[in-house]
Each structure stands twice: as structure tokens, then as C-alpha cells.
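*Asks:* Structure file structure.txt (compact mmCIF, C-alpha atoms) is given on the next line.
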```
# COMPACT_ATOMS: atom_id res chain seq x y z
CA ARG R 264 91.99 133.56 125.61
CA SER R 265 91.46 135.08 122.24
CA GLY R 266 93.75 134.60 119.27
CA VAL R 267 94.70 132.08 116.67
CA PHE R 268 96.06 128.65 117.58
CA LEU R 269 98.85 127.80 115.10
CA PRO R 270 99.85 124.15 115.41
CA LEU R 271 103.26 123.72 113.80
CA LEU R 272 103.77 120.09 114.81
CA GLU R 273 101.45 117.11 114.32
CA SER R 274 101.17 116.65 118.08
CA TRP R 275 100.04 120.29 118.39
CA VAL R 276 97.28 119.67 115.84
CA SER R 277 96.07 116.79 118.02
CA GLU R 278 96.09 119.02 121.10
CA GLY R 279 94.29 121.78 119.20
CA ARG R 280 91.55 119.35 118.23
CA LYS R 281 91.01 118.63 121.96
CA LEU R 282 90.65 122.29 122.98
CA PRO R 283 87.14 123.35 123.96
CA GLU R 284 85.25 125.57 121.53
CA ARG R 285 85.55 129.13 122.87
CA ASP R 286 84.77 132.55 121.58
CA GLY R 287 87.93 134.20 120.39
CA LEU R 288 90.10 131.10 119.95
CA ARG R 289 90.10 130.20 116.30
CA PHE R 290 91.14 126.70 115.35
CA ASP R 291 89.59 124.99 112.36
CA ARG R 292 88.99 121.42 113.51
CA ARG R 293 87.55 120.46 110.11
CA ALA R 294 90.70 121.59 108.31
CA ALA R 295 92.87 119.80 110.87
CA THR R 296 90.91 116.58 110.42
CA ILE R 297 91.06 116.76 106.62
CA SER R 298 94.80 117.49 106.71
CA ARG R 299 95.30 114.19 108.51
CA SER R 300 93.73 112.01 105.81
CA LYS R 301 95.09 111.77 102.26
CA GLN R 302 91.77 110.26 101.17
CA ALA R 303 89.68 113.04 102.78
CA LEU R 304 91.95 115.68 101.25
CA SER R 305 91.53 114.17 97.77
CA ALA R 306 87.74 114.05 98.23
CA LEU R 307 87.67 117.71 99.29
CA LEU R 308 89.85 118.73 96.33
CA ALA R 309 87.52 116.83 93.99
CA VAL R 310 84.44 118.60 95.37
CA ALA R 311 86.24 121.95 94.96
CA GLY R 312 87.14 121.11 91.37
CA VAL R 313 90.88 121.10 92.10
CA SER R 314 93.08 118.65 90.21
CA HIS R 315 94.44 115.87 92.41
CA GLY R 316 95.99 112.44 92.12
CA PRO R 317 93.66 109.44 92.24
CA ARG R 318 93.77 107.40 95.42
CA CYS R 319 92.23 103.97 95.90
CA ARG R 320 91.42 102.47 99.30
CA VAL R 321 92.61 98.85 99.51
CA GLY R 322 92.17 96.12 102.10
CA THR R 323 93.96 93.16 100.52
CA ILE R 324 97.04 92.59 98.39
CA GLU R 325 94.74 91.54 95.55
CA GLU R 326 92.94 94.90 95.72
CA ALA R 327 96.31 96.69 95.85
CA LEU R 328 97.57 94.83 92.76
CA LEU R 329 94.36 95.64 90.88
CA ALA R 330 94.59 99.34 91.81
CA ALA R 331 98.27 99.42 90.82
CA SER R 332 97.48 97.87 87.44
CA THR R 333 94.98 100.69 86.88
CA CYS R 334 97.28 103.58 87.84
CA GLY R 335 100.50 101.95 86.60
CA TYR R 336 103.96 101.53 88.06
CA PRO R 337 105.71 102.97 89.91
CA THR R 338 102.88 103.07 92.39
CA VAL R 339 102.66 104.15 96.02
CA LEU R 340 101.32 102.01 98.86
CA ARG R 341 100.65 104.23 101.87
CA SER R 342 98.71 104.63 105.06
CA ASP R 343 95.89 107.14 104.81
CA THR R 344 97.29 108.97 107.82
CA GLY R 345 100.95 109.46 108.54
CA TYR R 346 103.96 111.71 108.53
CA SER R 347 107.69 111.59 107.84
CA GLY R 348 107.31 108.88 105.21
CA ARG R 349 106.14 106.26 107.71
CA GLY R 350 103.95 103.69 106.07
CA VAL R 351 104.87 104.82 102.54
CA TRP R 352 106.39 102.51 99.91
CA VAL R 353 107.13 103.12 96.21
CA ALA R 354 106.77 99.91 94.18
CA ASN R 355 108.23 99.60 90.68
CA SER R 356 106.54 96.25 89.98
CA ALA R 357 103.91 93.82 91.20
CA ASP R 358 106.68 91.83 92.93
CA ASP R 359 107.79 94.98 94.79
CA LEU R 360 104.20 95.68 95.79
CA ARG R 361 103.78 92.15 97.18
CA ALA R 362 107.00 92.50 99.22
CA PHE R 363 106.07 95.97 100.48
CA TRP R 364 102.59 94.74 101.44
CA ALA R 365 104.17 92.16 103.73
CA TRP R 366 106.66 94.69 105.17
CA GLN R 367 104.06 97.36 105.83
CA SER R 368 101.88 94.81 107.64
CA LYS R 369 104.75 94.19 110.08
CA GLU R 370 105.55 97.91 110.33
CA ARG R 371 101.93 98.77 111.24
CA GLU R 372 102.20 96.44 114.25
CA GLY R 373 105.39 98.13 115.51
CA ALA R 374 105.69 100.69 118.31
CA ASP R 375 106.75 103.59 116.02
CA PHE R 376 103.68 103.22 113.84
CA VAL R 377 101.37 102.81 116.84
CA GLU R 378 102.85 105.99 118.36
CA MET R 379 102.41 107.91 115.09
CA ARG R 380 98.76 106.84 114.83
CA SER R 381 98.26 107.92 118.43
CA VAL R 382 99.76 111.37 117.77
CA LEU R 383 97.49 111.71 114.73
CA ASP R 384 94.36 110.46 116.54
CA ALA R 385 93.97 107.94 113.70
CA ASN R 386 91.04 105.68 114.48
CA GLU R 387 91.09 103.65 111.27
CA ASP R 388 93.98 101.74 109.76
CA VAL R 389 93.37 102.48 106.08
CA LEU R 390 95.73 101.74 103.19
CA LEU R 391 95.77 103.54 99.84
CA VAL R 392 97.31 102.90 96.44
CA GLU R 393 98.07 105.89 94.24
CA PRO R 394 100.33 106.68 91.29
CA TRP R 395 103.87 107.81 92.02
CA LEU R 396 104.21 111.41 90.92
CA PRO R 397 107.87 112.28 90.42
CA GLY R 398 108.92 115.87 90.91
CA ASP R 399 109.41 118.52 93.52
CA GLU R 400 107.57 118.25 96.82
CA TRP R 401 106.65 121.35 98.77
CA SER R 402 105.35 121.99 102.26
CA ILE R 403 103.32 125.14 102.81
CA ASP R 404 101.93 126.38 106.12
CA CYS R 405 99.42 129.20 106.02
CA VAL R 406 96.46 130.68 107.84
CA VAL R 407 93.29 131.40 105.88
CA GLY R 408 90.61 133.53 107.47
CA PRO R 409 88.38 136.57 107.28
CA SER R 410 91.37 138.90 107.42
CA GLY R 411 92.97 137.18 104.43
CA ASN R 412 95.57 134.54 103.66
CA HIS R 413 98.77 134.64 105.69
CA LEU R 414 101.79 132.63 104.62
CA ILE R 415 103.83 131.24 107.50
CA ARG R 416 106.39 128.99 105.83
CA VAL R 417 107.19 127.60 102.39
CA CYS R 418 109.83 124.94 101.98
CA GLU R 419 110.90 122.40 99.40
CA LYS R 420 111.37 118.87 100.64
CA VAL R 421 114.56 117.21 99.47
CA THR R 422 113.80 113.49 99.24
CA ALA R 423 115.31 110.29 97.92
CA ILE R 424 113.93 106.77 97.50
CA VAL R 425 115.87 104.48 99.85
CA SER R 426 114.98 100.77 99.86
CA GLY R 427 111.60 101.54 98.30
CA ARG R 428 110.74 104.35 100.72
CA PRO R 429 110.66 108.10 100.19
CA VAL R 430 113.00 109.60 102.79
CA THR R 431 113.13 113.32 103.52
CA LEU R 432 116.78 114.37 103.59
CA GLY R 433 116.07 117.98 104.49
CA TYR R 434 114.14 121.12 103.68
CA ARG R 435 115.00 124.21 101.64
CA ILE R 436 113.22 127.14 103.23
CA THR R 437 112.35 129.84 100.71
CA ASP R 438 111.92 133.57 101.10
CA SER R 439 108.26 134.34 101.58
```
Here is a file; write its structure as C-alpha cells.
*Replies:*
Amino acid sequence: RSGVFLPLLESWVSEGRKLPERDGLRFDRRAATISRSKQALSALLAVAGVSHGPRCRVGTIEEALLAASTCGYPTVLRSDTGYSGRGVWVANSADDLRAFWAWQSKEREGADFVEMRSVLDANEDVLLVEPWLPGDEWSIDCVVGPSGNHLIRVCEKVTAIVSGRPVTLGYRITDS
């Protein structure tokens, strides 16, 4: 069939990536793959000359502490792939970061995290440290193509830090 495949849920993106390449069905697998990785997105933004927050890949608590000392506190410890705040911790100190490192290790072994990684087709288990950027958070869905840019949805995320984790309380959908 011809048309545009608009995945509005993470599981739909995964299914779209599995669809065979066909004439007429437009689904940008490269964009879908990049949208899944915070690190890949930052690299793409850098190549395009777009300002972005620095992210550092870490494999040990020592590497995480070193990265946090470079970017300062509060700092974010996160999985490279994820959604709904899973695998994301906001540390205000080195002691917080040490505690969150231990907690995220246990969380990554749990069924919820395994399911999320399955939905996202995440093959690697990568952790990142980045600076905490306070302020408004927005979610924008759009289609970009030869016929132009088409806005689907714009909404502001309403979040709070609860026990060191950013939790989305709801969304404010704007007029578009």
C-alpha cells in the first residue's frame, strides 16, 4: 500500500522498522533508529551544527563520577535508549550518583526494563552521563518530507523529580 506510516507509539516505531521496503510506503528507518538513541541524536545534532547537551558514555561508576565532575551537579545518569523516565536518575552529588548507579544496575535486570528494551529493539545496554538541564520539556511529533513539514502534535511535559527520578505527571497539548 502507498502512504505514510506514522508511528505514534514506541512499539509502532519498532513494527515500522520491521516493514519491508516498498515503493509508496514511506517510513524513515534512519530517523527512527536515531530517535531511539540519545547518543546518536546528539552526534547527529553536532554534525548538523545544532546546539545540544554533552553526553558521555560510561561503563563504570568511576567513569560516571569523572564525567559528572566535568559537567557538574546535578547530573543525569540514563540509559541511552528508553522512554517514560525508565533508567533515568538525577543526582545532586557524588553520593547520589553512587546510590543511583547501584539502583539502576538492579533496575536494568528487572522485567520492566527488559520489556522496554525489547520494545525499542535495543541491542546494547549503554549508560550515559549528561548535565541536568532545568526548564520546560516539550514533545513534538512531525513529518518532514518532500511536500514540506507537517506538525502532528506539540505538547509540554509536566514533570517532577520524585526520589531522584524525573516523572512525567501529564502533558499540556497546545494549539498547533
*Asks:* May I ask which of the residues R:His315, R:Arg320, R:Arg349, R:Arg292 is the closest one to Gly427 in chain R, counting only C-alpha atoms?
*Replies:*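 Checking each of R:His315, R:Arg320, R:Arg349, R:Arg292 against Gly427 in chain R, counting only C-alpha atoms, the winner is R:Arg349.
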*Asks:* As a compact mmCIF listing (two decimals) with C-alpha atoms, in the coordinates of the input, please: the residues near Gly335 in chain R (cut-off 9 Å, all atoms listed in the file, same-chain neighbours under 6 positions excluded).
*Replies:*
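Once written, out_5.txt looks like this:
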```
# COMPACT_ATOMS: atom_id res chain seq x y z
CA SER R 356 106.54 96.25 89.98
CA GLU R 393 98.07 105.89 94.24
CA PRO R 394 100.33 106.68 91.29
CA TRP R 395 103.87 107.81 92.02
```
*Asks:* Of the candidates R:Gly345, R:Phe363, R:Asp404, R:Val339, which one gets nearest to Val377 in chain R if we count all atoms listed in the file?
*Replies:*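 The closest residue to Val377 in chain R is R:Gly345.
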*Asks:* Excluding Cys418 in chain R and any residue of its chain fewer than 4 positions from it, enumerate the residues within 7 Å of it, using only C-alpha atoms, and give them as number ranges by chain.
*Replies:* R: 401-403, 434-437
*Asks:* Using all atoms listed in the file, determine which residues lie at most 8 Å from Thr422 in chain R, disregarding the query and same-chain residues fewer than 5 positions distant; provide the list as a VMD selection string.
*Replies:* chain R and resid 429 to 433
*Asks:* Given the choices R:Val421, R:Ala354, R:Ala294, R:Leu391, which gets closest to Arg341 in chain R if the distance is worked out from all atoms listed in the file?
*Replies:* R:Leu391
